[in-house]
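K.L.:
Here you go, final_4.pdb (PDB, C-alpha atoms and all ligand atoms):
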```pdb
ATOM      1  CA  MET A  25       3.082 119.333  65.783  1.00  0.00           C
ATOM      2  CA  ASP A  26       2.944 121.041  62.358  1.00  0.00           C
ATOM      3  CA  LYS A  27       5.622 120.597  59.710  1.00  0.00           C
ATOM      4  CA  ASP A  28       7.407 123.874  60.602  1.00  0.00           C
ATOM      5  CA  GLU A  29       7.709 122.828  64.235  1.00  0.00           C
ATOM      6  CA  LEU A  30       8.838 119.371  63.187  1.00  0.00           C
ATOM      7  CA  TYR A  31      11.729 120.664  61.041  1.00  0.00           C
ATOM      8  CA  GLN A  32      12.611 123.322  63.616  1.00  0.00           C
ATOM      9  CA  THR A  33      12.865 120.707  66.369  1.00  0.00           C
ATOM     10  CA  LEU A  34      14.992 118.418  64.196  1.00  0.00           C
ATOM     11  CA  LEU A  35      17.404 121.210  63.157  1.00  0.00           C
ATOM     12  CA  ASP A  36      17.606 122.429  66.753  1.00  0.00           C
ATOM     13  CA  GLY A  37      18.567 118.958  67.918  1.00  0.00           C
ATOM     14  CA  LEU A  38      21.131 118.545  65.141  1.00  0.00           C
ATOM     15  CA  ALA A  39      22.646 121.954  65.968  1.00  0.00           C
ATOM     16  CA  ARG A  40      23.136 120.805  69.546  1.00  0.00           C
ATOM     17  CA  TYR A  41      24.497 117.403  68.545  1.00  0.00           C
ATOM     18  CA  THR A  42      26.997 118.640  65.955  1.00  0.00           C
ATOM     19  CA  GLY A  43      27.815 121.868  67.787  1.00  0.00           C
ATOM     20  CA  HIS A  44      27.999 123.588  64.389  1.00  0.00           C
ATOM     21  CA  PRO A  45      26.678 127.158  64.727  1.00  0.00           C
ATOM     22  CA  LEU A  46      25.723 127.414  61.029  1.00  0.00           C
ATOM     23  CA  ILE A  47      22.776 125.033  61.598  1.00  0.00           C
ATOM     24  CA  GLY A  48      21.273 127.427  64.163  1.00  0.00           C
ATOM     25  CA  ASP A  49      22.013 130.362  61.836  1.00  0.00           C
ATOM     26  CA  VAL A  50      20.122 128.673  58.996  1.00  0.00           C
ATOM     27  CA  LEU A  51      17.205 127.772  61.274  1.00  0.00           C
ATOM     28  CA  ARG A  52      16.860 131.384  62.470  1.00  0.00           C
ATOM     29  CA  THR A  53      17.036 132.700  58.900  1.00  0.00           C
ATOM     30  CA  VAL A  54      14.595 130.262  57.312  1.00  0.00           C
ATOM     31  CA  SER A  55      12.098 130.884  60.141  1.00  0.00           C
ATOM     32  CA  ARG A  56      12.117 134.608  59.260  1.00  0.00           C
ATOM     33  CA  TYR A  57      12.488 134.178  55.457  1.00  0.00           C
ATOM     34  CA  PRO A  58      10.779 130.912  54.420  1.00  0.00           C
ATOM     35  CA  ASP A  59      11.843 131.443  50.797  1.00  0.00           C
ATOM     36  CA  PRO A  60      12.424 128.347  48.611  1.00  0.00           C
ATOM     37  CA  ASN A  61      15.424 130.169  47.081  1.00  0.00           C
ATOM     38  CA  LEU A  62      17.137 130.070  50.470  1.00  0.00           C
ATOM     39  CA  ALA A  63      16.833 126.273  50.381  1.00  0.00           C
ATOM     40  CA  HIS A  64      18.098 126.408  46.793  1.00  0.00           C
ATOM     41  CA  SER A  65      21.223 128.252  47.969  1.00  0.00           C
ATOM     42  CA  LEU A  66      21.848 125.369  50.381  1.00  0.00           C
ATOM     43  CA  ASN A  67      21.005 122.470  48.070  1.00  0.00           C
ATOM     44  CA  LYS A  68      23.483 119.614  47.704  1.00  0.00           C
ATOM     45  CA  ASN A  69      25.114 120.961  44.505  1.00  0.00           C
ATOM     46  CA  GLN A  70      25.528 124.419  46.002  1.00  0.00           C
ATOM     47  CA  VAL A  71      26.999 123.082  49.222  1.00  0.00           C
ATOM     48  CA  ALA A  72      29.308 120.675  47.359  1.00  0.00           C
ATOM     49  CA  SER A  73      30.574 123.562  45.204  1.00  0.00           C
ATOM     50  CA  LYS A  74      31.147 125.893  48.155  1.00  0.00           C
ATOM     51  CA  LYS A  75      32.815 123.151  50.224  1.00  0.00           C
ATOM     52  CA  TRP A  76      35.113 122.436  47.265  1.00  0.00           C
ATOM     53  CA  LEU A  77      35.990 126.129  47.167  1.00  0.00           C
ATOM     54  CA  VAL A  78      36.784 126.357  50.886  1.00  0.00           C
ATOM     55  CA  THR A  79      38.906 123.175  50.804  1.00  0.00           C
ATOM     56  CA  GLU A  80      40.979 124.250  47.796  1.00  0.00           C
ATOM     57  CA  LEU A  81      41.336 127.811  49.054  1.00  0.00           C
ATOM     58  CA  MET A  82      42.799 126.432  52.282  1.00  0.00           C
ATOM     59  CA  ARG A  83      45.370 124.495  50.215  1.00  0.00           C
ATOM     60  CA  ALA A  84      46.198 127.272  47.746  1.00  0.00           C
ATOM     61  CA  ALA A  85      46.257 130.482  49.763  1.00  0.00           C
ATOM     62  CA  VAL A  86      48.390 131.592  52.659  1.00  0.00           C
ATOM     63  CA  PRO A  87      46.350 132.919  55.579  1.00  0.00           C
ATOM     64  CA  PRO A  88      45.378 135.418  56.860  1.00  0.00           C
ATOM     65  CA  LEU A  89      43.069 136.320  53.983  1.00  0.00           C
ATOM     66  CA  GLY A  90      42.051 139.728  55.378  1.00  0.00           C
ATOM     67  CA  THR A  91      39.127 141.427  53.648  1.00  0.00           C
ATOM     68  CA  VAL A  92      37.203 139.244  51.206  1.00  0.00           C
ATOM     69  CA  TYR A  93      34.602 140.348  48.658  1.00  0.00           C
ATOM     70  CA  VAL A  94      32.091 137.649  47.727  1.00  0.00           C
ATOM     71  CA  LEU A  95      30.483 138.813  44.480  1.00  0.00           C
ATOM     72  CA  GLY A  96      27.052 137.554  43.467  1.00  0.00           C
ATOM     73  CA  GLY A  97      27.016 136.547  47.147  1.00  0.00           C
ATOM     74  CA  TRP A  98      23.287 135.680  47.117  1.00  0.00           C
ATOM     75  CA  TYR A  99      22.088 134.857  50.682  1.00  0.00           C
ATOM     76  CA  GLY A 100      25.557 134.897  52.239  1.00  0.00           C
ATOM     77  CA  VAL A 101      26.063 131.142  52.588  1.00  0.00           C
ATOM     78  CA  LEU A 102      29.624 131.170  51.240  1.00  0.00           C
ATOM     79  CA  SER A 103      30.564 134.131  53.463  1.00  0.00           C
ATOM     80  CA  ALA A 104      29.218 132.219  56.469  1.00  0.00           C
ATOM     81  CA  MET A 105      31.331 129.189  55.548  1.00  0.00           C
ATOM     82  CA  LEU A 106      34.465 131.319  55.128  1.00  0.00           C
ATOM     83  CA  LEU A 107      33.947 133.245  58.374  1.00  0.00           C
ATOM     84  CA  ASN A 108      33.389 129.975  60.258  1.00  0.00           C
ATOM     85  CA  GLU A 109      36.785 128.642  59.119  1.00  0.00           C
ATOM     86  CA  ASP A 110      39.257 130.156  61.623  1.00  0.00           C
ATOM     87  CA  GLN A 111      42.141 128.575  59.707  1.00  0.00           C
ATOM     88  CA  LEU A 112      41.552 130.908  56.731  1.00  0.00           C
ATOM     89  CA  GLY A 113      41.972 134.055  58.812  1.00  0.00           C
ATOM     90  CA  VAL A 114      39.192 135.976  57.052  1.00  0.00           C
ATOM     91  CA  ARG A 115      38.979 139.256  58.949  1.00  0.00           C
ATOM     92  CA  ARG A 116      35.973 140.674  57.134  1.00  0.00           C
ATOM     93  CA  ALA A 117      33.641 139.511  54.365  1.00  0.00           C
ATOM     94  CA  VAL A 118      31.531 141.768  52.160  1.00  0.00           C
ATOM     95  CA  SER A 119      28.784 139.938  50.253  1.00  0.00           C
ATOM     96  CA  ILE A 120      27.807 141.968  47.186  1.00  0.00           C
ATOM     97  CA  ASP A 121      24.682 141.190  45.181  1.00  0.00           C
ATOM     98  CA  ILE A 122      22.617 143.141  42.664  1.00  0.00           C
ATOM     99  CA  ASP A 123      19.326 141.749  44.035  1.00  0.00           C
ATOM    100  CA  PRO A 124      18.084 143.966  46.927  1.00  0.00           C
ATOM    101  CA  GLY A 125      16.239 140.956  48.372  1.00  0.00           C
ATOM    102  CA  CYS A 126      19.536 139.257  49.240  1.00  0.00           C
ATOM    103  CA  ALA A 127      21.145 141.655  51.745  1.00  0.00           C
ATOM    104  CA  PRO A 128      18.574 141.383  54.595  1.00  0.00           C
ATOM    105  CA  VAL A 129      18.646 137.571  54.419  1.00  0.00           C
ATOM    106  CA  ALA A 130      22.459 137.466  54.271  1.00  0.00           C
ATOM    107  CA  MET A 131      22.713 139.858  57.250  1.00  0.00           C
ATOM    108  CA  LEU A 132      20.449 137.626  59.347  1.00  0.00           C
ATOM    109  CA  LEU A 133      22.202 134.420  58.311  1.00  0.00           C
ATOM    110  CA  ASN A 134      25.535 136.017  59.304  1.00  0.00           C
ATOM    111  CA  ARG A 135      24.220 137.801  62.410  1.00  0.00           C
ATOM    112  CA  ARG A 136      26.956 136.335  64.642  1.00  0.00           C
ATOM    113  CA  HIS A 137      29.579 137.843  62.338  1.00  0.00           C
ATOM    114  CA  VAL A 138      27.683 141.146  61.954  1.00  0.00           C
ATOM    115  CA  GLU A 139      27.798 141.439  65.743  1.00  0.00           C
ATOM    116  CA  GLN A 140      31.593 141.196  65.580  1.00  0.00           C
ATOM    117  CA  GLY A 141      31.881 143.758  62.771  1.00  0.00           C
ATOM    118  CA  ARG A 142      33.082 141.009  60.405  1.00  0.00           C
ATOM    119  CA  PHE A 143      30.252 140.807  57.866  1.00  0.00           C
ATOM    120  CA  LEU A 144      28.354 143.185  55.635  1.00  0.00           C
ATOM    121  CA  ALA A 145      25.903 142.544  52.792  1.00  0.00           C
ATOM    122  CA  VAL A 146      25.693 145.251  50.130  1.00  0.00           C
ATOM    123  CA  THR A 147      23.335 145.752  47.163  1.00  0.00           C
ATOM    124  CA  ARG A 148      25.484 146.652  44.169  1.00  0.00           C
ATOM    125  CA  ASP A 149      26.178 145.645  40.580  1.00  0.00           C
ATOM    126  CA  MET A 150      29.579 143.951  40.724  1.00  0.00           C
ATOM    127  CA  ALA A 151      30.329 145.339  37.250  1.00  0.00           C
ATOM    128  CA  GLY A 152      30.359 148.883  38.672  1.00  0.00           C
ATOM    129  CA  LEU A 153      32.719 148.295  41.609  1.00  0.00           C
ATOM    130  CA  ASP A 154      35.816 150.444  42.085  1.00  0.00           C
ATOM    131  CA  TYR A 155      38.153 148.113  43.972  1.00  0.00           C
ATOM    132  CA  ARG A 156      40.559 150.867  45.003  1.00  0.00           C
ATOM    133  CA  SER A 157      38.228 153.566  46.239  1.00  0.00           C
ATOM    134  CA  ASP A 158      34.873 151.995  47.203  1.00  0.00           C
ATOM    135  CA  ARG A 159      34.325 152.186  50.948  1.00  0.00           C
ATOM    136  CA  PHE A 160      31.696 150.079  52.673  1.00  0.00           C
ATOM    137  CA  GLU A 161      30.448 150.765  56.194  1.00  0.00           C
ATOM    138  CA  GLY A 162      28.457 148.402  58.384  1.00  0.00           C
ATOM    139  CA  PRO A 163      27.542 147.839  62.013  1.00  0.00           C
ATOM    140  CA  ASP A 164      30.432 146.918  64.335  1.00  0.00           C
ATOM    141  CA  GLY A 165      28.085 145.128  66.764  1.00  0.00           C
ATOM    142  CA  ARG A 166      28.790 147.660  69.530  1.00  0.00           C
ATOM    143  CA  GLY A 167      26.500 150.402  68.252  1.00  0.00           C
ATOM    144  CA  GLY A 168      29.257 151.923  66.118  1.00  0.00           C
ATOM    145  CA  THR A 169      30.464 151.574  62.561  1.00  0.00           C
ATOM    146  CA  ALA A 170      32.920 149.127  61.062  1.00  0.00           C
ATOM    147  CA  GLU A 171      34.735 150.115  57.892  1.00  0.00           C
ATOM    148  CA  PHE A 172      35.290 147.489  55.264  1.00  0.00           C
ATOM    149  CA  HIS A 173      38.214 149.094  53.479  1.00  0.00           C
ATOM    150  CA  ALA A 174      39.116 148.613  49.856  1.00  0.00           C
ATOM    151  CA  PRO A 175      41.056 147.201  48.181  1.00  0.00           C
ATOM    152  CA  PRO A 176      40.046 143.645  49.077  1.00  0.00           C
ATOM    153  CA  ASP A 177      42.731 141.013  49.732  1.00  0.00           C
ATOM    154  CA  LEU A 178      40.665 138.349  47.980  1.00  0.00           C
ATOM    155  CA  VAL A 179      37.826 138.569  45.442  1.00  0.00           C
ATOM    156  CA  ILE A 180      35.510 135.564  45.023  1.00  0.00           C
ATOM    157  CA  ASN A 181      32.989 135.277  42.213  1.00  0.00           C
ATOM    158  CA  THR A 182      31.069 132.009  41.986  1.00  0.00           C
ATOM    159  CA  SER A 183      28.527 133.597  39.618  1.00  0.00           C
ATOM    160  CA  CYS A 184      30.720 134.149  36.540  1.00  0.00           C
ATOM    161  CA  GLU A 185      28.075 132.441  34.385  1.00  0.00           C
ATOM    162  CA  HIS A 186      25.681 135.320  35.238  1.00  0.00           C
ATOM    163  CA  LEU A 187      27.813 138.145  33.778  1.00  0.00           C
ATOM    164  CA  ASP A 188      26.763 139.444  30.365  1.00  0.00           C
ATOM    165  CA  ASP A 189      29.946 141.535  30.016  1.00  0.00           C
ATOM    166  CA  PHE A 190      32.615 139.426  31.717  1.00  0.00           C
ATOM    167  CA  PRO A 191      35.615 141.382  30.288  1.00  0.00           C
ATOM    168  CA  ARG A 192      34.247 144.679  31.673  1.00  0.00           C
ATOM    169  CA  TRP A 193      33.962 143.177  35.163  1.00  0.00           C
ATOM    170  CA  TYR A 194      37.302 141.359  34.972  1.00  0.00           C
ATOM    171  CA  ASN A 195      39.296 144.310  33.627  1.00  0.00           C
ATOM    172  CA  ALA A 196      38.232 146.549  36.536  1.00  0.00           C
ATOM    173  CA  ILE A 197      39.937 144.284  39.113  1.00  0.00           C
ATOM    174  CA  PRO A 198      43.445 145.509  40.020  1.00  0.00           C
ATOM    175  CA  ALA A 199      46.229 143.335  38.513  1.00  0.00           C
ATOM    176  CA  GLY A 200      47.710 140.909  41.029  1.00  0.00           C
ATOM    177  CA  THR A 201      44.504 140.579  43.107  1.00  0.00           C
ATOM    178  CA  LEU A 202      43.965 137.077  44.502  1.00  0.00           C
ATOM    179  CA  LEU A 203      40.859 135.574  42.884  1.00  0.00           C
ATOM    180  CA  VAL A 204      38.643 132.528  43.268  1.00  0.00           C
ATOM    181  CA  LEU A 205      36.298 132.114  40.308  1.00  0.00           C
ATOM    182  CA  GLN A 206      33.645 129.533  39.557  1.00  0.00           C
ATOM    183  CA  SER A 207      31.601 129.060  36.393  1.00  0.00           C
ATOM    184  CA  ASN A 208      29.742 126.147  34.821  1.00  0.00           C
ATOM    185  CA  ASP A 209      28.446 124.548  31.618  1.00  0.00           C
ATOM    186  CA  TYR A 210      24.764 124.708  32.650  1.00  0.00           C
ATOM    187  CA  PHE A 211      23.687 126.439  29.409  1.00  0.00           C
ATOM    188  CA  ALA A 212      20.061 125.294  29.867  1.00  0.00           C
ATOM    189  CA  CYS A 213      19.434 127.792  32.704  1.00  0.00           C
ATOM    190  CA  GLY A 214      17.952 131.033  31.331  1.00  0.00           C
ATOM    191  CA  GLU A 215      19.834 133.278  33.801  1.00  0.00           C
ATOM    192  CA  HIS A 216      23.164 131.844  32.656  1.00  0.00           C
ATOM    193  CA  VAL A 217      24.350 134.216  29.939  1.00  0.00           C
ATOM    194  CA  ASN A 218      28.074 133.441  30.220  1.00  0.00           C
ATOM    195  CA  CYS A 219      28.538 129.682  30.638  1.00  0.00           C
ATOM    196  CA  VAL A 220      31.760 128.056  29.443  1.00  0.00           C
ATOM    197  CA  PRO A 221      31.959 124.629  27.766  1.00  0.00           C
ATOM    198  CA  ASP A 222      35.125 123.516  29.584  1.00  0.00           C
ATOM    199  CA  LEU A 223      38.022 124.492  31.837  1.00  0.00           C
ATOM    200  CA  THR A 224      40.192 125.632  28.921  1.00  0.00           C
ATOM    201  CA  ALA A 225      37.554 128.166  27.839  1.00  0.00           C
ATOM    202  CA  PHE A 226      37.235 129.399  31.441  1.00  0.00           C
ATOM    203  CA  ARG A 227      41.021 129.869  31.688  1.00  0.00           C
ATOM    204  CA  GLN A 228      40.967 131.861  28.450  1.00  0.00           C
ATOM    205  CA  GLN A 229      38.128 134.023  29.727  1.00  0.00           C
ATOM    206  CA  ALA A 230      39.929 134.830  32.985  1.00  0.00           C
ATOM    207  CA  PRO A 231      43.677 134.994  32.297  1.00  0.00           C
ATOM    208  CA  MET A 232      45.771 134.789  35.493  1.00  0.00           C
ATOM    209  CA  SER A 233      49.354 135.946  36.007  1.00  0.00           C
ATOM    210  CA  GLU A 234      49.767 133.172  38.592  1.00  0.00           C
ATOM    211  CA  LEU A 235      47.464 130.154  38.442  1.00  0.00           C
ATOM    212  CA  LEU A 236      47.315 128.284  41.757  1.00  0.00           C
ATOM    213  CA  TYR A 237      44.460 125.877  41.007  1.00  0.00           C
ATOM    214  CA  ALA A 238      42.257 124.901  38.064  1.00  0.00           C
ATOM    215  CA  ASP A 239      39.860 121.965  38.068  1.00  0.00           C
ATOM    216  CA  ARG A 240      36.323 120.750  37.437  1.00  0.00           C
ATOM    217  CA  LEU A 241      33.658 119.272  39.682  1.00  0.00           C
ATOM    218  CA  PRO A 242      31.135 117.042  37.867  1.00  0.00           C
ATOM    219  CA  LEU A 243      27.651 117.450  39.382  1.00  0.00           C
ATOM    220  CA  LYS A 244      24.362 115.789  38.426  1.00  0.00           C
ATOM    221  CA  ARG A 245      23.174 118.159  35.674  1.00  0.00           C
ATOM    222  CA  TYR A 246      26.306 120.141  34.914  1.00  0.00           C
ATOM    223  CA  THR A 247      30.022 120.556  35.589  1.00  0.00           C
ATOM    224  CA  ARG A 248      31.385 123.370  37.700  1.00  0.00           C
ATOM    225  CA  PHE A 249      34.806 124.871  37.007  1.00  0.00           C
ATOM    226  CA  MET A 250      37.074 126.675  39.466  1.00  0.00           C
ATOM    227  CA  LEU A 251      40.175 128.824  39.098  1.00  0.00           C
ATOM    228  CA  ILE A 252      42.287 130.177  41.959  1.00  0.00           C
ATOM    229  CA  GLY A 253      45.056 132.609  41.103  1.00  0.00           C
ATOM    230  CA  ARG A 254      46.116 136.194  40.636  1.00  0.00           C
ATOM    231  CA  ARG A 255      44.557 138.416  38.031  1.00  0.00           C
ATOM    232  CA  GLY A 256      46.916 138.969  35.134  1.00  0.00           C
TER
HETATM  233  C1  LIG B   1      21.851 132.042  41.521  1.00  0.00           C
HETATM  234  S1  LIG B   1      22.977 132.943  42.421  1.00  0.00           S
HETATM  235  C2  LIG B   1      24.425 131.997  42.638  1.00  0.00           C
HETATM  236  C3  LIG B   1      24.895 131.143  41.506  1.00  0.00           C
HETATM  237  C4  LIG B   1      26.317 130.720  41.562  1.00  0.00           C
HETATM  238  N1  LIG B   1      26.541 129.660  40.623  1.00  0.00           N
HETATM  239  C5  LIG B   1      26.773 130.279  42.923  1.00  0.00           C
HETATM  240  O1  LIG B   1      26.698 129.110  43.241  1.00  0.00           O
HETATM  241  O2  LIG B   1      27.208 131.118  43.703  1.00  0.00           O
HETATM  242  C6  LIG B   1      23.588 134.213  41.375  1.00  0.00           C
HETATM  243  C7  LIG B   1      23.593 135.497  42.125  1.00  0.00           C
HETATM  244  O3  LIG B   1      24.349 136.447  41.369  1.00  0.00           O
HETATM  245  C8  LIG B   1      23.694 137.689  41.483  1.00  0.00           C
HETATM  246  N2  LIG B   1      24.150 138.548  40.382  1.00  0.00           N
HETATM  247  C9  LIG B   1      23.944 138.375  39.045  1.00  0.00           C
HETATM  248  N3  LIG B   1      24.511 139.387  38.353  1.00  0.00           N
HETATM  249  C10 LIG B   1      25.081 140.215  39.270  1.00  0.00           C
HETATM  250  C11 LIG B   1      25.809 141.436  39.175  1.00  0.00           C
HETATM  251  N4  LIG B   1      26.046 142.007  38.005  1.00  0.00           N
HETATM  252  N5  LIG B   1      26.264 142.009  40.305  1.00  0.00           N
HETATM  253  C12 LIG B   1      26.007 141.444  41.515  1.00  0.00           C
HETATM  254  N6  LIG B   1      25.314 140.297  41.662  1.00  0.00           N
HETATM  255  C13 LIG B   1      24.856 139.676  40.562  1.00  0.00           C
HETATM  256  C14 LIG B   1      22.223 137.336  41.447  1.00  0.00           C
HETATM  257  O4  LIG B   1      21.415 138.365  41.967  1.00  0.00           O
HETATM  258  C15 LIG B   1      22.191 136.081  42.300  1.00  0.00           C
HETATM  259  O5  LIG B   1      21.946 136.337  43.655  1.00  0.00           O
END
```
Translate the structure described by the file into structure tokens.

P.N.:
Amino acid sequence: MDKDELYQTLLDGLARYTGHPLIGDVLRTVSRYPDPNLAHSLNKNQVASKKWLVTELMRAAVPPLGTVYVLGGWYGVLSAMLLNEDQLGVRRAVSIDIDPGCAPVAMLLNRRHVEQGRFLAVTRDMAGLDYRSDRFEGPDGRGGTAEFHAPPDLVINTSCEHLDDFPRWYNAIPAGTLLVLQSNDYFACGEHVNCVPDLTAFRQQAPMSELLYADRLPLKRYTRFMLIGRRG
């Protein structure tokens, strides 16, 4: 048995034991795209941060959440977690990322949801989105087309530290939109052009008309910050 087979067999067994469909989804995706970045998107810090988000969103927001945009959505892990949580009432998730390598991986990871017309991955710069008039179309799983209408009911951006012009992105979001934002103080990472030193600075960067949650999550090398609220 080679290493691939070994891990495949173990994940297969765990998927059966836990009954959690995401394990099978990950196994299928990593078999087709054996990219170390996919493992990176599921490392313990990433999963802890996304789990924190889902838990606090459940406490702060009133379901159903309708159409959700996940910006900087990477390989679609957060969308998969949200769509797996029936309690949240997410009808549709659109994962938007500027990197064209992300959409095919995210579509495969979320294949179960694609087949129900509930998930779409799109290659776009989040800074150029028009939240009122953009229309996204994806497969409905029955050979037809599902429309992912704007405006979204919830906008999530866990990649705020990646935005070189945060005010331009933030100001384009319609006032009153429900938001979940994460940033961090991991200044040492070269791709992080917009880190914040603390929660106060993050709150100043993203002023909310109604703040439902604001806290920090200390991780091994950095601290992650999260705000849930309505755009001011
Ligand atoms: C490293 S990943 C995720 C990091 C983030 N801290 C998280 O946990 O979700 C950052 C993602 O944001 C994407 N990204 C960066 N700038 C973007 C932009 N302007 N529009 C859309 N996606 C962007 C990158 O392509 C990448 O997939």

K.L.:
Between A:Ala225, A:Leu178, A:Ala170, A:Val204, single out the one closest to ligand LIG 1 (chain B), counting only C-alpha atoms and all ligand atoms.

P.N.:
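Between A:Ala225, A:Leu178, A:Ala170, A:Val204, the residue approaching ligand LIG 1 (chain B) most closely is A:Val204.
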
K.L.:
Using only the atoms of ligand LIG 1 (chain B) listed in the file, plus 3 Å on each side, state the axis-aligned box centre and edge lengths in Å rounded to one decimal, as lines of an AutoDock Vina configuration file.

P.N.:
```
center_x = 24.3
center_y = 135.6
center_z = 40.9
size_x = 11.8
size_y = 18.9
size_z = 11.7
```

K.L.:
Residues near Val54 of chain A, anyone? I mean within 12 Å using all atoms listed in the file, not counting same-chain ones fewer than 2 positions away, as a ChimeraX atom specification.

P.N.:
/A:28,31-32,35,47-52,56-66,99,129-130,132-133

K.L.:
Closest to ligand LIG 1 (chain B) among A:Asp158, A:Asp209, A:Glu139, A:Glu109, using only C-alpha atoms and all ligand atoms?

P.N.:
A:Asp209

K.L.:
I need the output of the PyMOL selection byres (((not hetatm)) within 8 of (chain B and resi 1)) for this file as a PyMOL selection string; which residues are they?

P.N.:
chain A and resi 65+70+73-74+95-99+102+120-123+126+147-151+181-187+206-208

K.L.:
Counting only C-alpha atoms, figure out which residue out of A:Arg116, A:His44, A:Arg227, A:His216 gets nearest to Pro176 of chain A.

P.N.:
A:Arg116

K.L.:
Which residue out of A:Leu107, A:Thr33, A:Asn195, A:Leu38 has the minimum interatomic distance to Ser55 of chain A when all atoms listed in the file are used?

P.N.:
A:Thr33

K.L.:
Which one is closest to Pro124 of chain A: A:Leu202, A:Leu106, A:Ala145, A:Val138? Count all atoms listed in the file.

P.N.:
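Of all the options, A:Ala145 lies closest to Pro124 of chain A.
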
K.L.:
Using all atoms listed in the file, what residues lie at most 6 Å away from (24.4, 141.9, 52.4) (file coordinates), given as a list in words?

P.N.:
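Here is the list of nearby residues: Ser119, Ala127, Ala130, Met131, Leu144, Ala145 and Val146 of chain A.
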
K.L.:
Pick the closest to Tyr194 of chain A from A:Gly90, A:Gly167, A:Gly152, A:Gly214: which is it, counting all atoms listed in the file?

P.N.:
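Looking only at the distances to Tyr194 of chain A, the closest residue turns out to be A:Gly152.
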
K.L.:
In Å, how far is it from atom CA of Arg135 of chain A to atom CA of Trp193 of chain A?

P.N.:
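Atom-to-atom, atom CA of Arg135 of chain A and atom CA of Trp193 of chain A are spaced 29.4 Å apart.
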
K.L.:
Please compute the atom CA of Leu243 of chain A-atom CA of Trp76 of chain A distance, one decimal, in Å.

P.N.:
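For atom CA of Leu243 of chain A relative to atom CA of Trp76 of chain A, the distance reads 11.9 Å.
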
K.L.:
In Å, rounded to a single decimal, give me how far atom CA of Val118 of chain A is from atom CA of Pro45 of chain A.

P.N.:
19.9 Å

K.L.:
May I have the residues within 9 Å of Gln111 of chain A as number ranges by chain, using all atoms listed in the file and disregarding those fewer than 5 positions away in the same chain?

P.N.:
A: 82, 87-88

K.L.:
Once the PyMOL selection byres (((chain A and resi 174) around 7) and not hetatm) has been evaluated on this model, what residues remain selected, and can you format them as a list in words?

P.N.:
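The output of the PyMOL selection byres (((chain A and resi 174) around 7) and not hetatm) on this file is Tyr155, Arg156, Ser157, Asp158, Arg159, Phe172, His173, Pro175 and Pro176 of chain A.
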
K.L.:
Go ahead and dump the residues you just picked, C-alpha atoms, as a JSON list (two decimals), keeping the file's coordinate frame.

P.N.:
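Saved result, out.json, follows:
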```
[["chain", "number", "residue", "atom", "x", "y", "z"],
["A", 155, "TYR", "CA", 38.15, 148.11, 43.97],
["A", 156, "ARG", "CA", 40.56, 150.87, 45.00],
["A", 157, "SER", "CA", 38.23, 153.57, 46.24],
["A", 158, "ASP", "CA", 34.87, 152.00, 47.20],
["A", 159, "ARG", "CA", 34.33, 152.19, 50.95],
["A", 172, "PHE", "CA", 35.29, 147.49, 55.26],
["A", 173, "HIS", "CA", 38.21, 149.09, 53.48],
["A", 175, "PRO", "CA", 41.06, 147.20, 48.18],
["A", 176, "PRO", "CA", 40.05, 143.65, 49.08]]
```

K.L.:
Quick one: residues within 8 Å of Arg255 of chain A, only C-alpha atoms, excluding same-chain residues fewer than 6 positions away - as a count of residues only?

P.N.:
12

K.L.:
Name the residues captured by the PyMOL selection byres (((chain A and resi 223) around 7) and not hetatm) when it is applied to the shown file; answer as a list in words.

P.N.:
Asp222, Thr224, Ala225, Phe226, Arg227, Asp239, Arg240 and Phe249 of chain A

K.L.:
Select, counting only C-alpha atoms, all protein, DNA and RNA residues no farther than 8 Å from (33.9, 146.2, 60.1) in file coordinates, and express the selection as a list in words.

P.N.:
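Here is the list of nearby residues: Arg116, Gln140, Gly141, Arg142, Phe143, Leu144, Glu161, Gly162, Pro163, Asp164, Thr169, Ala170, Glu171 and Phe172 of chain A.
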